[in-house]
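Chemist: What follows is structure37.csv, made up of CSV, C-alpha atoms:
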```csv
chain,number,residue,atom,x,y,z
A,2,MET,CA,-0.9,14.3,-24.7
A,3,GLN,CA,-3.9,12.1,-24.2
A,4,PRO,CA,-6.5,13.8,-22.0
A,5,LYS,CA,-6.6,12.7,-18.4
A,6,ARG,CA,-9.7,10.4,-18.2
A,7,ILE,CA,-10.8,9.2,-14.8
A,8,LEU,CA,-13.2,6.4,-14.0
A,9,ALA,CA,-14.6,7.2,-10.6
A,10,PHE,CA,-16.5,5.0,-8.2
A,11,ASP,CA,-18.7,5.6,-5.2
A,12,PRO,CA,-18.2,2.1,-3.7
A,13,GLY,CA,-21.2,0.2,-2.5
A,14,PHE,CA,-22.7,-3.3,-2.8
A,15,GLU,CA,-26.3,-2.4,-3.3
A,16,ARG,CA,-25.6,0.6,-5.5
A,17,LEU,CA,-22.2,1.3,-7.0
A,18,GLY,CA,-22.0,4.9,-8.3
A,19,VAL,CA,-19.9,5.2,-11.5
A,20,ALA,CA,-18.7,8.2,-13.5
A,21,VAL,CA,-16.2,8.8,-16.3
A,22,VAL,CA,-14.9,12.4,-16.4
A,23,GLU,CA,-12.2,14.1,-18.5
A,24,ARG,CA,-10.7,17.5,-18.8
A,25,GLN,CA,-11.0,18.8,-22.3
A,26,GLY,CA,-9.4,22.1,-23.1
A,27,GLY,CA,-9.5,23.3,-19.5
A,28,ARG,CA,-13.2,22.2,-19.1
A,29,ASP,CA,-14.4,19.3,-17.1
A,30,VAL,CA,-16.6,17.0,-19.1
A,31,LEU,CA,-18.8,14.1,-17.9
A,32,ILE,CA,-18.5,11.3,-20.4
A,33,TYR,CA,-20.6,8.7,-18.7
A,34,SER,CA,-22.3,8.0,-15.4
A,35,ASP,CA,-24.4,5.2,-14.0
A,36,CYS,CA,-25.5,3.4,-10.9
A,37,VAL,CA,-24.8,-0.4,-10.9
A,38,ARG,CA,-27.1,-2.3,-8.7
A,39,THR,CA,-26.9,-5.8,-7.3
A,40,LYS,CA,-29.8,-7.8,-5.9
A,41,LYS,CA,-30.3,-8.2,-2.2
A,42,HIS,CA,-31.1,-11.9,-2.3
A,43,LEU,CA,-27.8,-12.9,-4.0
A,44,PRO,CA,-24.9,-14.3,-1.9
A,45,PHE,CA,-22.4,-11.6,-1.2
A,46,PRO,CA,-19.6,-13.2,-3.2
A,47,THR,CA,-21.9,-13.2,-6.3
A,48,ARG,CA,-22.6,-9.5,-5.7
A,49,LEU,CA,-18.9,-8.9,-5.6
A,50,GLN,CA,-18.5,-10.9,-8.8
A,51,GLN,CA,-21.1,-8.8,-10.6
A,52,ILE,CA,-19.6,-5.5,-9.4
A,53,GLY,CA,-16.1,-6.7,-10.5
A,54,GLU,CA,-17.4,-7.7,-13.9
A,55,ALA,CA,-19.1,-4.3,-14.3
A,56,ALA,CA,-15.9,-2.6,-13.4
A,57,THR,CA,-13.8,-4.7,-15.8
A,58,GLU,CA,-16.3,-3.9,-18.6
A,59,LEU,CA,-16.1,-0.1,-17.8
A,60,ILE,CA,-12.3,-0.2,-17.8
A,61,LYS,CA,-12.3,-1.9,-21.1
A,62,ARG,CA,-14.9,0.4,-22.6
A,63,PHE,CA,-13.6,3.8,-21.4
A,64,GLU,CA,-9.9,3.1,-21.2
A,65,PRO,CA,-9.4,5.5,-18.3
A,66,ARG,CA,-5.9,6.5,-17.1
A,67,SER,CA,-6.9,6.4,-13.5
A,68,VAL,CA,-9.5,5.1,-11.1
A,69,ALA,CA,-10.7,7.3,-8.3
A,70,LEU,CA,-12.4,6.1,-5.2
A,71,GLU,CA,-13.6,7.5,-1.9
A,72,ASN,CA,-11.5,6.4,1.0
A,73,VAL,CA,-13.8,5.9,3.9
A,74,TYR,CA,-12.4,4.2,7.0
A,75,PHE,CA,-15.3,4.6,9.4
A,76,GLU,CA,-19.0,4.0,9.1
A,77,LYS,CA,-21.8,4.0,11.6
A,78,ASN,CA,-22.4,0.3,10.9
A,79,ALA,CA,-19.2,-1.9,11.1
A,80,LYS,CA,-20.7,-4.7,9.2
A,81,THR,CA,-21.7,-2.4,6.3
A,82,ALA,CA,-18.3,-0.8,6.4
A,83,MET,CA,-16.6,-4.1,6.0
A,84,LYS,CA,-18.7,-5.0,3.1
A,85,VAL,CA,-18.1,-1.7,1.4
A,86,ALA,CA,-14.4,-2.2,2.0
A,87,GLN,CA,-14.6,-5.6,0.2
A,88,VAL,CA,-16.1,-3.8,-2.8
A,89,ARG,CA,-13.3,-1.2,-2.6
A,90,GLY,CA,-10.8,-4.1,-2.6
A,91,VAL,CA,-12.2,-5.6,-5.8
A,92,LEU,CA,-12.2,-2.2,-7.5
A,93,CYS,CA,-8.6,-1.4,-6.4
A,94,PHE,CA,-7.4,-4.9,-7.5
A,95,LEU,CA,-8.9,-4.5,-10.9
A,96,ALA,CA,-7.5,-1.0,-11.4
A,97,ALA,CA,-4.0,-2.1,-10.4
A,98,LYS,CA,-4.3,-5.2,-12.5
A,99,ALA,CA,-5.2,-3.1,-15.6
A,100,GLY,CA,-2.1,-0.9,-14.8
A,101,LEU,CA,-4.2,2.1,-13.8
A,102,GLU,CA,-3.3,4.7,-11.2
A,103,VAL,CA,-5.5,4.5,-8.2
A,104,LEU,CA,-6.6,7.8,-6.7
A,105,GLU,CA,-8.1,7.8,-3.2
A,106,TYR,CA,-9.8,10.8,-1.7
A,107,THR,CA,-11.4,11.3,1.7
A,108,PRO,CA,-15.0,12.7,1.9
A,109,LEU,CA,-13.5,15.9,3.1
A,110,GLU,CA,-11.2,16.2,0.1
A,111,VAL,CA,-14.2,15.7,-2.2
A,112,LYS,CA,-16.2,18.4,-0.5
A,113,VAL,CA,-13.4,20.9,-0.6
A,114,ALA,CA,-12.5,20.1,-4.2
A,115,VAL,CA,-16.1,20.4,-5.4
A,116,THR,CA,-17.6,23.2,-3.2
A,117,GLY,CA,-14.5,24.9,-1.8
A,118,TYR,CA,-15.8,24.2,1.7
A,119,GLY,CA,-15.2,21.2,3.9
A,120,LYS,CA,-18.5,21.3,5.8
A,121,SER,CA,-20.9,21.3,2.8
A,122,ASP,CA,-23.8,18.9,3.0
A,123,LYS,CA,-24.8,16.4,0.4
A,124,ARG,CA,-27.2,18.8,-1.4
A,125,ALA,CA,-24.6,21.5,-1.8
A,126,VAL,CA,-22.2,18.9,-3.3
A,127,SER,CA,-24.9,17.6,-5.7
A,128,GLU,CA,-25.8,21.2,-6.7
A,129,MET,CA,-22.2,22.1,-7.4
A,130,VAL,CA,-21.7,19.0,-9.4
A,131,GLY,CA,-24.6,20.0,-11.7
A,132,ARG,CA,-22.9,23.4,-12.2
A,133,LEU,CA,-19.4,22.0,-12.9
A,134,VAL,CA,-20.4,19.5,-15.6
A,135,ARG,CA,-23.3,19.2,-17.9
A,136,ILE,CA,-25.4,16.2,-16.8
A,137,PRO,CA,-27.9,14.8,-19.3
A,138,PRO,CA,-31.5,15.3,-18.1
A,139,GLY,CA,-33.1,12.7,-15.9
A,140,LYS,CA,-33.2,11.8,-12.2
A,141,ARG,CA,-29.9,10.7,-10.7
A,142,LEU,CA,-29.3,8.7,-7.6
A,143,ASP,CA,-27.0,10.1,-4.9
A,144,ASP,CA,-24.5,7.4,-5.6
A,145,GLU,CA,-24.1,8.5,-9.2
A,146,LEU,CA,-23.7,12.2,-8.3
A,147,ASP,CA,-21.2,11.2,-5.6
A,148,ALA,CA,-19.2,9.2,-8.2
A,149,ILE,CA,-19.2,12.3,-10.4
A,150,ALA,CA,-18.0,14.4,-7.5
A,151,ILE,CA,-15.1,12.0,-6.8
A,152,GLY,CA,-14.1,12.1,-10.4
A,153,LEU,CA,-14.1,15.9,-10.5
A,154,THR,CA,-12.0,15.8,-7.3
A,155,GLY,CA,-9.5,13.7,-9.3
A,156,LEU,CA,-9.5,16.2,-12.1
A,157,ALA,CA,-9.1,19.2,-9.8
A,158,ILE,CA,-6.3,17.7,-7.7
A,159,GLY,CA,-4.6,16.3,-10.8
A,160,ALA,CA,-4.6,19.8,-12.4
A,161,LEU,CA,-2.7,21.2,-9.4
A,162,ARG,CA,0.1,18.7,-9.7
B,15,MET,CA,-17.3,-38.4,-6.9
B,16,GLN,CA,-14.4,-36.0,-7.0
B,17,PRO,CA,-12.9,-35.5,-3.5
B,18,LYS,CA,-13.9,-32.2,-1.9
B,19,ARG,CA,-10.8,-30.0,-2.2
B,20,ILE,CA,-10.8,-26.7,-0.3
B,21,LEU,CA,-8.5,-23.8,-0.9
B,22,ALA,CA,-8.4,-21.9,2.4
B,23,PHE,CA,-7.1,-18.4,3.1
B,24,ASP,CA,-6.2,-16.6,6.3
B,25,PRO,CA,-6.7,-13.1,4.7
B,26,GLY,CA,-4.0,-10.5,5.3
B,27,PHE,CA,-2.1,-7.9,3.3
B,28,GLU,CA,1.4,-8.4,4.8
B,29,ARG,CA,1.0,-12.1,5.0
B,30,LEU,CA,-1.7,-14.2,3.4
B,31,GLY,CA,-2.0,-17.7,4.8
B,32,VAL,CA,-2.8,-20.3,2.2
B,33,ALA,CA,-3.8,-24.0,2.5
B,34,VAL,CA,-5.2,-26.7,0.2
B,35,VAL,CA,-6.8,-29.5,2.1
B,36,GLU,CA,-8.9,-32.5,1.0
B,37,ARG,CA,-10.7,-35.4,2.5
B,38,GLN,CA,-9.3,-38.7,1.2
B,39,GLY,CA,-11.1,-41.9,2.3
B,40,GLY,CA,-12.3,-40.3,5.5
B,41,ARG,CA,-8.9,-38.8,6.3
B,42,ASP,CA,-8.0,-35.1,6.1
B,43,VAL,CA,-4.9,-34.5,4.0
B,44,LEU,CA,-2.9,-31.3,3.6
B,45,ILE,CA,-2.0,-30.9,-0.1
B,46,TYR,CA,-0.2,-27.6,0.1
B,47,SER,CA,0.3,-24.7,2.4
B,48,ASP,CA,2.2,-21.4,2.1
B,49,CYS,CA,2.4,-17.8,3.3
B,50,VAL,CA,2.2,-15.2,0.6
B,51,ARG,CA,3.9,-12.0,1.5
B,52,THR,CA,3.7,-8.5,0.0
B,53,LYS,CA,6.2,-5.8,0.6
B,54,LYS,CA,5.5,-2.9,3.0
B,55,HIS,CA,6.8,-0.2,0.7
B,56,LEU,CA,4.4,-1.0,-2.2
B,57,PRO,CA,1.2,1.0,-2.7
B,58,PHE,CA,-1.8,-0.8,-1.3
B,59,PRO,CA,-3.5,-1.4,-4.7
B,60,THR,CA,-0.2,-3.1,-5.9
B,61,ARG,CA,-0.3,-5.4,-2.9
B,62,LEU,CA,-3.9,-6.2,-3.6
B,63,GLN,CA,-2.9,-7.0,-7.2
B,64,GLN,CA,-0.1,-9.3,-6.1
B,65,ILE,CA,-2.5,-11.1,-3.6
B,66,GLY,CA,-5.1,-11.5,-6.3
B,67,GLU,CA,-2.6,-12.8,-8.8
B,68,ALA,CA,-1.3,-15.4,-6.3
B,69,ALA,CA,-4.9,-16.5,-5.5
B,70,THR,CA,-5.7,-16.8,-9.3
B,71,GLU,CA,-2.6,-18.9,-9.7
B,72,LEU,CA,-3.6,-21.2,-6.7
B,73,ILE,CA,-7.1,-21.6,-8.1
B,74,LYS,CA,-5.7,-22.6,-11.5
B,75,ARG,CA,-3.1,-24.9,-10.0
B,76,PHE,CA,-5.1,-26.8,-7.4
B,77,GLU,CA,-8.6,-26.7,-9.0
B,78,PRO,CA,-10.4,-26.6,-5.6
B,79,ARG,CA,-14.2,-27.0,-5.3
B,80,SER,CA,-14.5,-24.3,-2.6
B,81,VAL,CA,-12.7,-21.4,-1.2
B,82,ALA,CA,-12.8,-21.0,2.6
B,83,LEU,CA,-12.1,-17.8,4.5
B,84,GLU,CA,-12.3,-16.5,8.0
B,85,ASN,CA,-15.1,-14.0,8.5
B,86,VAL,CA,-13.9,-11.3,10.8
B,87,TYR,CA,-16.0,-8.2,11.3
B,88,PHE,CA,-14.1,-6.6,14.1
B,89,GLU,CA,-10.5,-5.8,14.7
B,90,LYS,CA,-8.7,-3.7,17.3
B,91,ASN,CA,-7.5,-1.4,14.6
B,92,ALA,CA,-10.2,-0.1,12.3
B,93,LYS,CA,-7.8,0.9,9.6
B,94,THR,CA,-6.2,-2.6,9.5
B,95,ALA,CA,-9.7,-4.2,9.6
B,96,MET,CA,-10.7,-2.2,6.5
B,97,LYS,CA,-7.5,-3.3,4.7
B,98,VAL,CA,-8.0,-6.9,5.5
B,99,ALA,CA,-11.6,-6.6,4.4
B,100,GLN,CA,-10.3,-5.4,1.0
B,101,VAL,CA,-8.1,-8.5,0.7
B,102,ARG,CA,-11.2,-10.6,1.6
B,103,GLY,CA,-13.1,-8.8,-1.2
B,104,VAL,CA,-10.5,-9.7,-3.8
B,105,LEU,CA,-10.4,-13.3,-2.7
B,106,CYS,CA,-14.2,-13.7,-2.7
B,107,PHE,CA,-14.5,-12.0,-6.0
B,108,LEU,CA,-11.9,-14.3,-7.6
B,109,ALA,CA,-13.6,-17.4,-6.1
B,110,ALA,CA,-17.0,-16.4,-7.3
B,111,LYS,CA,-15.6,-15.5,-10.7
B,112,ALA,CA,-14.1,-19.0,-11.0
B,113,GLY,CA,-17.5,-20.5,-10.1
B,114,LEU,CA,-16.3,-21.8,-6.7
B,115,GLU,CA,-18.4,-22.0,-3.6
B,116,VAL,CA,-17.3,-19.5,-0.9
B,117,LEU,CA,-17.3,-20.9,2.7
B,118,GLU,CA,-17.0,-18.3,5.5
B,119,TYR,CA,-16.4,-19.2,9.1
B,120,THR,CA,-16.1,-17.1,12.2
B,121,PRO,CA,-13.0,-17.5,14.4
B,122,LEU,CA,-15.3,-19.3,16.9
B,123,GLU,CA,-16.4,-21.9,14.3
B,124,VAL,CA,-12.8,-22.6,13.4
B,125,LYS,CA,-11.8,-23.1,17.1
B,126,VAL,CA,-14.8,-25.4,17.7
B,127,ALA,CA,-14.2,-27.4,14.5
B,128,VAL,CA,-10.5,-27.9,15.1
B,129,THR,CA,-10.3,-28.3,18.9
B,130,GLY,CA,-13.9,-28.9,20.0
B,131,TYR,CA,-13.7,-26.0,22.3
B,132,GLY,CA,-14.6,-22.3,21.5
B,133,LYS,CA,-12.2,-20.7,23.9
B,134,SER,CA,-9.0,-22.4,22.7
B,135,ASP,CA,-6.0,-20.2,22.4
B,136,LYS,CA,-3.8,-19.9,19.3
B,137,ARG,CA,-1.4,-22.5,20.5
B,138,ALA,CA,-4.1,-25.1,21.1
B,139,VAL,CA,-5.4,-24.6,17.6
B,140,SER,CA,-1.9,-24.9,16.1
B,141,GLU,CA,-1.2,-28.0,18.1
B,142,MET,CA,-4.4,-29.6,17.1
B,143,VAL,CA,-3.8,-28.8,13.4
B,144,GLY,CA,-0.5,-30.7,13.6
B,145,ARG,CA,-2.4,-33.7,14.9
B,146,LEU,CA,-5.2,-33.6,12.4
B,147,VAL,CA,-3.0,-33.5,9.3
B,148,ARG,CA,0.6,-34.4,8.5
B,149,ILE,CA,2.5,-31.2,8.0
B,150,PRO,CA,5.9,-31.5,6.2
B,151,PRO,CA,8.7,-30.6,8.6
B,152,GLY,CA,9.9,-27.0,8.9
B,153,LYS,CA,8.8,-23.8,10.7
B,154,ARG,CA,5.4,-22.5,9.8
B,155,LEU,CA,4.0,-19.0,10.4
B,156,ASP,CA,0.8,-18.6,12.3
B,157,ASP,CA,-0.9,-17.4,9.1
B,158,GLU,CA,-0.2,-20.6,7.4
B,159,LEU,CA,-1.4,-22.7,10.3
B,160,ASP,CA,-4.5,-20.6,10.6
B,161,ALA,CA,-5.2,-21.2,6.9
B,162,ILE,CA,-4.9,-24.9,7.5
B,163,ALA,CA,-7.3,-24.7,10.4
B,164,ILE,CA,-9.8,-22.8,8.3
B,165,GLY,CA,-9.5,-25.4,5.6
B,166,LEU,CA,-10.0,-28.2,8.1
B,167,THR,CA,-13.1,-26.4,9.4
B,168,GLY,CA,-14.5,-26.5,5.9
B,169,LEU,CA,-13.9,-30.2,5.6
B,170,ALA,CA,-15.4,-30.9,9.1
B,171,ILE,CA,-18.5,-28.8,8.5
B,172,GLY,CA,-18.8,-30.0,4.9
B,173,ALA,CA,-18.8,-33.7,6.2
B,174,LEU,CA,-21.8,-32.9,8.4
B,175,ARG,CA,-24.0,-31.7,5.6
```
Would you mind writing the file out in structure tokens?

Modeler:
Amino acid sequence: MQPKRILAFDPGFERLGVAVVERQGGRDVLIYSDCVRTKKHLPFPTRLQQIGEAATELIKRFEPRSVALENVYFEKNAKTAMKVAQVRGVLCFLAAKAGLEVLEYTPLEVKVAVTGYGKSDKRAVSEMVGRLVRIPPGKRLDDELDAIAIGLTGLAIGALR
Amino acid sequence: MQPKRILAFDPGFERLGVAVVERQGGRDVLIYSDCVRTKKHLPFPTRLQQIGEAATELIKRFEPRSVALENVYFEKNAKTAMKVAQVRGVLCFLAAKAGLEVLEYTPLEVKVAVTGYGKSDKRAVSEMVGRLVRIPPGKRLDDELDAIAIGLTGLAIGALR
């Protein structure tokens, strides 16, 4: 059977965290991760276009079996929340259009899956991510680490099924 | 010059209102309107896929110059608002990808453009829409009339520029 490869996103319009993870012989492996940025001065539809084109490219390049996303319904700032939701819409649409399974996890599910504890802070999640998979050296933005955490959640929950 | 043709959407995931309007010799003309529905039992990404495919088809068929959408940031139900925002994201993405201008109007702008009064109720807007353009006989859903109103707003505001 083909290994279960997941393309994970931490949705955002300024920074989109991206990770490709896979379970190989019982071990979780990070294939790729990145942070896609769009420029502030661009009209929002253009930023959505760039994000969608990046996602299309990633689906084509890595041929994942599923796309994993964080499912956030509430944010401090309603305007930001609605913009992030629009990004999520584009990512879900492209995944469904490519025939991929869409996996959605709440921030709580991600924390529990990665650290075993639902009240972990951001740093604890990042640290655990670095222990679970080998991340090539270099500084990573939170968005990228979050995307890896979401991907690992997909592998962990998928392994239980 | 090519007439300014607008493809307008009243974004929704159960019912997506659609209208194509155009100014012909100083008169607003309704070229097409419809209400695209998606089934409740389908997974949300599949519904987004169907909506996106319908929008892609409409852009291809009617070759509009712009896409007009209502820009709603708040809804009574946050979960519904986030889902509608995801639909908006897909529509904006597809418009930008097709190289179309994206026009966004608030509900207030639509009311003022169509009725000349910002506190008009739904019925007043619907009635005025029926006076501004010839709508083929038959019952119309609110979503379809709303899409026509959004399209007419685009024509009215566009004419002022």

Chemist: Name all residues at most 6 Å from Ala97 in chain A (count all atoms listed in the file; drop same-chain ones fewer than 5 positions away) and give them as a short mmCIF file (atom, residue, chain, number, x, y, z; two decimals) with C-alpha atoms, in the coordinates of the input.

Modeler:
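What landed in around18.cif:
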```cif
data_model
loop_
_atom_site.label_atom_id
_atom_site.label_comp_id
_atom_site.auth_asym_id
_atom_site.auth_seq_id
_atom_site.Cartn_x
_atom_site.Cartn_y
_atom_site.Cartn_z
CA PRO B 59 -3.50 -1.40 -4.70
CA THR B 60 -0.20 -3.10 -5.90
CA GLN B 63 -2.90 -7.00 -7.20
#
```

Chemist: Take CA of Glu118 in chain B and CA of Pro44 in chain A and report the distance between them in Å, one decimal.

Modeler: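 Spanning CA of Glu118 in chain B to CA of Pro44 in chain A is a straight-line distance of 11.5 Å.
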
Chemist: Please identify all residues of chain B having at least one atom at most 8 Å from any atom of chain A, considering only C-alpha atoms, and return them as an mmCIF file with C-alpha atoms, in the frame of the given file.

Modeler:
```cif
data_model
loop_
_atom_site.group_PDB
_atom_site.id
_atom_site.type_symbol
_atom_site.label_atom_id
_atom_site.label_comp_id
_atom_site.auth_asym_id
_atom_site.auth_seq_id
_atom_site.Cartn_x
_atom_site.Cartn_y
_atom_site.Cartn_z
ATOM 1 C CA PRO B 59 -3.500 -1.400 -4.700
ATOM 2 C CA THR B 60 -0.200 -3.100 -5.900
ATOM 3 C CA LEU B 62 -3.900 -6.200 -3.600
ATOM 4 C CA GLN B 63 -2.900 -7.000 -7.200
ATOM 5 C CA GLY B 66 -5.100 -11.500 -6.300
ATOM 6 C CA TYR B 87 -16.000 -8.200 11.300
ATOM 7 C CA PHE B 88 -14.100 -6.600 14.100
ATOM 8 C CA ALA B 92 -10.200 -0.100 12.300
ATOM 9 C CA LYS B 93 -7.800 0.900 9.600
ATOM 10 C CA ALA B 95 -9.700 -4.200 9.600
ATOM 11 C CA MET B 96 -10.700 -2.200 6.500
ATOM 12 C CA LYS B 97 -7.500 -3.300 4.700
ATOM 13 C CA ALA B 99 -11.600 -6.600 4.400
ATOM 14 C CA GLN B 100 -10.300 -5.400 1.000
ATOM 15 C CA VAL B 101 -8.100 -8.500 0.700
ATOM 16 C CA ARG B 102 -11.200 -10.600 1.600
ATOM 17 C CA GLY B 103 -13.100 -8.800 -1.200
ATOM 18 C CA VAL B 104 -10.500 -9.700 -3.800
ATOM 19 C CA CYS B 106 -14.200 -13.700 -2.700
ATOM 20 C CA PHE B 107 -14.500 -12.000 -6.000
ATOM 21 C CA LEU B 108 -11.900 -14.300 -7.600
ATOM 22 C CA ALA B 109 -13.600 -17.400 -6.100
ATOM 23 C CA ALA B 110 -17.000 -16.400 -7.300
ATOM 24 C CA LYS B 111 -15.600 -15.500 -10.700
ATOM 25 C CA VAL B 116 -17.300 -19.500 -0.900
#
```

Chemist: Residues at most 8 Å from range 11-13 of chain A, counting all atoms listed in the file, excluding those fewer than 4 positions away in the same chain, as a PyMOL selection string?

Modeler: chain A and resi 17-19+70-71+85+88-89+144-145+147-148+151

Chemist: What is the CA of Arg79 in chain B to CA of Tyr119 in chain B distance in Å?

Modeler: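 Pair CA of Arg79 in chain B / CA of Tyr119 in chain B returns 16.5 Å.
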